[in-house]
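Inspection log for the structure reproduced underneath, given as structure tokens.
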Amino acid sequence: MLAGAGRPSAETSLHGVIYRDRVDTRAIFHVHSIWNTLLSDRFAADGAVPLEGYEVLKALTGVSTHEHRELVPILENSQEYTGLSLKLTEVLRAFPDAHGVLLRRHGLYTWGESIAGARRHLEALEFLFEVEARRLMAAG
């Protein structure tokens, strides 16, 4: 139930989808960083940003090895939130182990079983996005 005197964000429906489809979720963070914005565009055609081989992956709930391959799905951004909510539902079903979702050229949604868990996921994913982007830049 939503309550209060303020006006909900246009993106409230996306939060609702995550809470509904990730039943252990008790907190969601949505951020706009340089690194997640760049990678969401770079990997848009692939549909997800692949992250693997990094020790920090173990900060993600249920991940116990750096050999884990995390795929962070990417949704094409839209101002039409009903349609975007439907696409988010599809993506969460297609990527049941994902710890976050990117909106192309917009930002990251990540969640957790608590505020601390969501923050841990946020910090791990943002670190990994920066490392991966810098690795790609160094490789040319």
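Residues are named by chain letter and number: chains run A, B, ... in the order of the structure tokens, numbers start at 1 in each chain, and ligands are numbered from 1 in the order shown.
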
Residue contacts of A:Gly83 (12 Å, only C-alpha atoms) excluding same-chain residues fewer than 5 positions away, as a list in words: Glu11, Ser13, Leu14, Val17, Leu75, Glu76, Asn77, Ser78, Leu88, Thr89 and Glu90 of chain A

Which residues come within 10 Å of A:Gly16, counting only C-alpha atoms, excluding same-chain residues fewer than 5 positions away, as a VMD selection string? chain A and resid 11 21 to 22 28 85

Counting only C-alpha atoms, what is within 7 Å of stretch 30-47 of chain A, bar same-chain residues fewer than 2 positions away, as a list in words?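 Once the adjacent positions are removed, what remains is Ile28, Val49, Pro73, Ile74, Leu102, Leu103, Arg104, Arg105, His106, Gly107, Leu108, Tyr109, Thr110, Glu126, Phe129, Glu130 and Ala133 of chain A.
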
Could you save the residues just selected, with N, CA, C and O atoms, as a short mmCIF file (atom, residue, chain, number, x, y, z; two decimals), in the first residue's frame?
data_model
loop_
_atom_site.label_atom_id
_atom_site.label_comp_id
_atom_site.auth_asym_id
_atom_site.auth_seq_id
_atom_site.Cartn_x
_atom_site.Cartn_y
_atom_site.Cartn_z
N ILE A 28 14.65 -1.52 -2.60
CA ILE A 28 15.09 -1.32 -3.97
C ILE A 28 15.86 -0.01 -4.03
O ILE A 28 15.42 1.00 -3.48
N VAL A 49 24.61 -7.03 -19.57
CA VAL A 49 26.03 -6.81 -19.28
C VAL A 49 26.55 -8.05 -18.56
O VAL A 49 26.04 -8.40 -17.49
N PRO A 73 20.52 -7.71 -17.01
CA PRO A 73 19.73 -7.43 -18.21
C PRO A 73 19.53 -5.94 -18.44
O PRO A 73 19.56 -5.14 -17.50
N ILE A 74 19.32 -5.62 -19.71
CA ILE A 74 19.13 -4.22 -20.12
C ILE A 74 17.77 -4.08 -20.80
O ILE A 74 17.45 -4.83 -21.73
N LEU A 102 19.22 -2.93 -15.76
CA LEU A 102 19.59 -1.62 -16.28
C LEU A 102 18.53 -1.11 -17.25
O LEU A 102 18.01 -1.88 -18.06
N LEU A 103 18.22 0.18 -17.16
CA LEU A 103 17.46 0.84 -18.20
C LEU A 103 18.49 1.53 -19.08
O LEU A 103 19.35 2.28 -18.58
N ARG A 104 18.43 1.29 -20.36
CA ARG A 104 19.44 1.81 -21.28
C ARG A 104 19.55 3.33 -21.19
O ARG A 104 18.54 4.05 -21.25
N ARG A 105 20.79 3.76 -21.02
CA ARG A 105 21.13 5.19 -20.93
C ARG A 105 20.38 5.91 -19.81
O ARG A 105 20.16 7.12 -19.87
N HIS A 106 20.00 5.17 -18.79
CA HIS A 106 19.22 5.77 -17.70
C HIS A 106 19.79 5.42 -16.34
O HIS A 106 20.22 6.30 -15.61
N GLY A 107 19.78 4.14 -15.97
CA GLY A 107 20.25 3.81 -14.63
C GLY A 107 20.00 2.36 -14.26
O GLY A 107 19.48 1.58 -15.04
N LEU A 108 20.37 2.06 -13.03
CA LEU A 108 20.32 0.71 -12.47
C LEU A 108 19.23 0.60 -11.42
O LEU A 108 19.07 1.49 -10.59
N TYR A 109 18.51 -0.51 -11.44
CA TYR A 109 17.64 -0.93 -10.34
C TYR A 109 18.29 -2.16 -9.73
O TYR A 109 18.65 -3.09 -10.45
N THR A 110 18.45 -2.16 -8.43
CA THR A 110 18.91 -3.35 -7.73
C THR A 110 18.13 -3.47 -6.44
O THR A 110 17.52 -2.49 -5.99
N GLU A 126 27.99 -1.53 -8.96
CA GLU A 126 28.62 -0.29 -9.45
C GLU A 126 30.13 -0.43 -9.53
O GLU A 126 30.75 0.06 -10.49
N PHE A 129 30.72 -2.54 -12.64
CA PHE A 129 30.50 -1.77 -13.87
C PHE A 129 31.70 -0.89 -14.18
O PHE A 129 32.14 -0.80 -15.32
N GLU A 130 32.22 -0.23 -13.16
CA GLU A 130 33.38 0.64 -13.39
C GLU A 130 34.60 -0.17 -13.82
O GLU A 130 35.29 0.19 -14.78
N ALA A 133 34.03 -1.38 -17.43
CA ALA A 133 34.13 -0.29 -18.40
C ALA A 133 35.58 0.14 -18.59
O ALA A 133 36.03 0.35 -19.72
#

Which one is closest to A:Thr12: A:Leu84, A:Leu128, A:Leu51, A:Leu92? Count only C-alpha atoms. A:Leu84

Give me, as a VMD selection string, the residues of chain A that a backbone DSSP run labels alpha helix (DSSP H). chain A and resid 12 to 21 34 to 42 81 to 94 115 to 139

Write out the residues from the selection above, keeping C-alpha atoms, as a PDB file, in the first residue's frame.
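Saved file selection.pdb follows:
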ATOM      1  CA  THR A  12       6.729   3.512  -9.089  1.00  0.00           C
ATOM      2  CA  SER A  13       5.206   0.794 -11.266  1.00  0.00           C
ATOM      3  CA  LEU A  14       8.688  -0.610 -11.947  1.00  0.00           C
ATOM      4  CA  HIS A  15       9.338  -0.874  -8.217  1.00  0.00           C
ATOM      5  CA  GLY A  16       6.006  -2.653  -7.862  1.00  0.00           C
ATOM      6  CA  VAL A  17       7.022  -5.251 -10.455  1.00  0.00           C
ATOM      7  CA  ILE A  18      10.282  -5.951  -8.624  1.00  0.00           C
ATOM      8  CA  TYR A  19       8.543  -6.297  -5.258  1.00  0.00           C
ATOM      9  CA  ARG A  20       5.952  -8.606  -6.806  1.00  0.00           C
ATOM     10  CA  ASP A  21       8.350 -10.804  -8.811  1.00  0.00           C
ATOM     11  CA  ILE A  34      28.281   7.182 -15.396  1.00  0.00           C
ATOM     12  CA  TRP A  35      29.466   3.564 -15.535  1.00  0.00           C
ATOM     13  CA  ASN A  36      26.074   1.856 -15.566  1.00  0.00           C
ATOM     14  CA  THR A  37      24.829   4.357 -18.149  1.00  0.00           C
ATOM     15  CA  LEU A  38      27.794   3.733 -20.461  1.00  0.00           C
ATOM     16  CA  LEU A  39      27.642  -0.051 -20.172  1.00  0.00           C
ATOM     17  CA  SER A  40      23.866  -0.147 -20.632  1.00  0.00           C
ATOM     18  CA  ASP A  41      24.398   1.459 -24.026  1.00  0.00           C
ATOM     19  CA  ARG A  42      27.503  -0.549 -24.956  1.00  0.00           C
ATOM     20  CA  TYR A  81       5.749   2.960 -17.910  1.00  0.00           C
ATOM     21  CA  THR A  82       2.887   0.517 -18.396  1.00  0.00           C
ATOM     22  CA  GLY A  83       4.689  -1.087 -21.322  1.00  0.00           C
ATOM     23  CA  LEU A  84       8.031  -0.835 -19.549  1.00  0.00           C
ATOM     24  CA  SER A  85       6.548  -2.613 -16.527  1.00  0.00           C
ATOM     25  CA  LEU A  86       5.407  -5.474 -18.766  1.00  0.00           C
ATOM     26  CA  LYS A  87       8.886  -5.731 -20.290  1.00  0.00           C
ATOM     27  CA  LEU A  88      10.443  -5.695 -16.831  1.00  0.00           C
ATOM     28  CA  THR A  89       8.186  -8.600 -15.847  1.00  0.00           C
ATOM     29  CA  GLU A  90       9.454 -10.555 -18.870  1.00  0.00           C
ATOM     30  CA  VAL A  91      13.090  -9.731 -18.110  1.00  0.00           C
ATOM     31  CA  LEU A  92      12.827 -10.787 -14.471  1.00  0.00           C
ATOM     32  CA  ARG A  93      11.384 -14.120 -15.616  1.00  0.00           C
ATOM     33  CA  ALA A  94      14.077 -14.553 -18.289  1.00  0.00           C
ATOM     34  CA  ILE A 115      18.261  -1.977   2.920  1.00  0.00           C
ATOM     35  CA  ALA A 116      21.743  -3.279   3.759  1.00  0.00           C
ATOM     36  CA  GLY A 117      21.391  -6.101   1.232  1.00  0.00           C
ATOM     37  CA  ALA A 118      20.215  -3.765  -1.525  1.00  0.00           C
ATOM     38  CA  ARG A 119      23.075  -1.394  -0.722  1.00  0.00           C
ATOM     39  CA  ARG A 120      25.583  -4.264  -0.826  1.00  0.00           C
ATOM     40  CA  HIS A 121      24.272  -5.220  -4.288  1.00  0.00           C
ATOM     41  CA  LEU A 122      24.415  -1.604  -5.412  1.00  0.00           C
ATOM     42  CA  GLU A 123      28.000  -1.134  -4.286  1.00  0.00           C
ATOM     43  CA  ALA A 124      29.136  -4.454  -5.790  1.00  0.00           C
ATOM     44  CA  LEU A 125      27.437  -3.886  -9.138  1.00  0.00           C
ATOM     45  CA  GLU A 126      28.617  -0.293  -9.446  1.00  0.00           C
ATOM     46  CA  PHE A 127      32.189  -1.362  -8.635  1.00  0.00           C
ATOM     47  CA  LEU A 128      31.961  -4.123 -11.247  1.00  0.00           C
ATOM     48  CA  PHE A 129      30.497  -1.775 -13.866  1.00  0.00           C
ATOM     49  CA  GLU A 130      33.382   0.641 -13.394  1.00  0.00           C
ATOM     50  CA  VAL A 131      36.007  -2.110 -13.495  1.00  0.00           C
ATOM     51  CA  GLU A 132      34.456  -3.647 -16.617  1.00  0.00           C
ATOM     52  CA  ALA A 133      34.132  -0.291 -18.397  1.00  0.00           C
ATOM     53  CA  ARG A 134      37.725   0.621 -17.611  1.00  0.00           C
ATOM     54  CA  ARG A 135      38.876  -2.833 -18.767  1.00  0.00           C
ATOM     55  CA  LEU A 136      37.043  -2.357 -22.073  1.00  0.00           C
ATOM     56  CA  MET A 137      38.541   1.122 -22.521  1.00  0.00           C
ATOM     57  CA  ALA A 138      42.047  -0.178 -21.831  1.00  0.00           C
ATOM     58  CA  ALA A 139      41.546  -2.945 -24.372  1.00  0.00           C
TER      59      ALA A 139
END

How many Å separate atom CA of A:Thr65 from atom CA of A:Pro96?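 Atom CA of A:Pro96 lies 18.3 Å from atom CA of A:Thr65.
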
Can you tell me which residues surround A:His68 at a distance of at most 12 Å, considering only C-alpha atoms, apart from same-chain residues fewer than 3 positions away, and format the answer as an MDAnalysis selection string? chainID A and resid 50:65 71 97:98

Store the residues of this selection in a file with N, CA and C atoms, as a PDB file, in the first residue's frame.
ATOM      1  N   PRO A  50      27.547  -8.730 -19.150  1.00  0.00           N
ATOM      2  CA  PRO A  50      28.119  -9.900 -18.475  1.00  0.00           C
ATOM      3  C   PRO A  50      29.233  -9.477 -17.520  1.00  0.00           C
ATOM      4  N   LEU A  51      29.206 -10.029 -16.319  1.00  0.00           N
ATOM      5  CA  LEU A  51      30.235  -9.762 -15.315  1.00  0.00           C
ATOM      6  C   LEU A  51      30.701 -11.114 -14.791  1.00  0.00           C
ATOM      7  N   GLU A  52      31.989 -11.413 -14.928  1.00  0.00           N
ATOM      8  CA  GLU A  52      32.477 -12.704 -14.439  1.00  0.00           C
ATOM      9  C   GLU A  52      33.959 -12.632 -14.101  1.00  0.00           C
ATOM     10  N   GLY A  53      34.343 -13.523 -13.192  1.00  0.00           N
ATOM     11  CA  GLY A  53      35.748 -13.646 -12.837  1.00  0.00           C
ATOM     12  C   GLY A  53      36.225 -12.685 -11.760  1.00  0.00           C
ATOM     13  N   TYR A  54      35.333 -11.922 -11.180  1.00  0.00           N
ATOM     14  CA  TYR A  54      35.714 -10.941 -10.170  1.00  0.00           C
ATOM     15  C   TYR A  54      35.313 -11.419  -8.778  1.00  0.00           C
ATOM     16  N   GLU A  55      36.219 -11.260  -7.834  1.00  0.00           N
ATOM     17  CA  GLU A  55      35.978 -11.668  -6.454  1.00  0.00           C
ATOM     18  C   GLU A  55      34.753 -10.975  -5.851  1.00  0.00           C
ATOM     19  N   VAL A  56      34.525  -9.729  -6.230  1.00  0.00           N
ATOM     20  CA  VAL A  56      33.429  -8.939  -5.665  1.00  0.00           C
ATOM     21  C   VAL A  56      32.057  -9.532  -5.998  1.00  0.00           C
ATOM     22  N   LEU A  57      31.978 -10.390  -6.989  1.00  0.00           N
ATOM     23  CA  LEU A  57      30.709 -11.047  -7.299  1.00  0.00           C
ATOM     24  C   LEU A  57      30.132 -11.764  -6.079  1.00  0.00           C
ATOM     25  N   LYS A  58      31.016 -12.191  -5.172  1.00  0.00           N
ATOM     26  CA  LYS A  58      30.564 -12.902  -3.975  1.00  0.00           C
ATOM     27  C   LYS A  58      29.787 -12.000  -3.013  1.00  0.00           C
ATOM     28  N   ALA A  59      29.745 -10.707  -3.272  1.00  0.00           N
ATOM     29  CA  ALA A  59      28.917  -9.799  -2.468  1.00  0.00           C
ATOM     30  C   ALA A  59      27.434  -9.930  -2.832  1.00  0.00           C
ATOM     31  N   LEU A  60      27.154 -10.572  -3.958  1.00  0.00           N
ATOM     32  CA  LEU A  60      25.769 -10.750  -4.398  1.00  0.00           C
ATOM     33  C   LEU A  60      25.157 -11.962  -3.701  1.00  0.00           C
ATOM     34  N   THR A  61      23.953 -11.820  -3.224  1.00  0.00           N
ATOM     35  CA  THR A  61      23.263 -12.887  -2.506  1.00  0.00           C
ATOM     36  C   THR A  61      23.260 -14.177  -3.325  1.00  0.00           C
ATOM     37  N   GLY A  62      23.692 -15.272  -2.679  1.00  0.00           N
ATOM     38  CA  GLY A  62      23.680 -16.577  -3.308  1.00  0.00           C
ATOM     39  C   GLY A  62      24.885 -16.902  -4.161  1.00  0.00           C
ATOM     40  N   VAL A  63      25.811 -15.957  -4.298  1.00  0.00           N
ATOM     41  CA  VAL A  63      27.011 -16.182  -5.111  1.00  0.00           C
ATOM     42  C   VAL A  63      28.158 -16.541  -4.178  1.00  0.00           C
ATOM     43  N   SER A  64      28.805 -17.682  -4.451  1.00  0.00           N
ATOM     44  CA  SER A  64      29.861 -18.153  -3.548  1.00  0.00           C
ATOM     45  C   SER A  64      31.220 -18.285  -4.212  1.00  0.00           C
ATOM     46  N   THR A  65      31.321 -17.906  -5.485  1.00  0.00           N
ATOM     47  CA  THR A  65      32.600 -18.029  -6.178  1.00  0.00           C
ATOM     48  C   THR A  65      32.786 -16.905  -7.185  1.00  0.00           C
ATOM     49  N   LEU A  71      24.662 -11.895 -15.227  1.00  0.00           N
ATOM     50  CA  LEU A  71      24.144 -11.179 -16.386  1.00  0.00           C
ATOM     51  C   LEU A  71      23.171 -10.125 -15.872  1.00  0.00           C
ATOM     52  N   ASP A  97      18.063 -15.171 -11.868  1.00  0.00           N
ATOM     53  CA  ASP A  97      19.149 -15.024 -10.900  1.00  0.00           C
ATOM     54  C   ASP A  97      19.770 -13.634 -10.886  1.00  0.00           C
ATOM     55  N   ALA A  98      19.250 -12.730 -11.701  1.00  0.00           N
ATOM     56  CA  ALA A  98      19.820 -11.375 -11.782  1.00  0.00           C
ATOM     57  C   ALA A  98      19.615 -10.626 -10.471  1.00  0.00           C
TER      58      ALA A  98
END

Could you pull out the strand (DSSP E or B) residues of chain A from DSSP and send them as a PyMOL selection string? chain A and resi 27-31+48-52+69-75+100-103+107-112
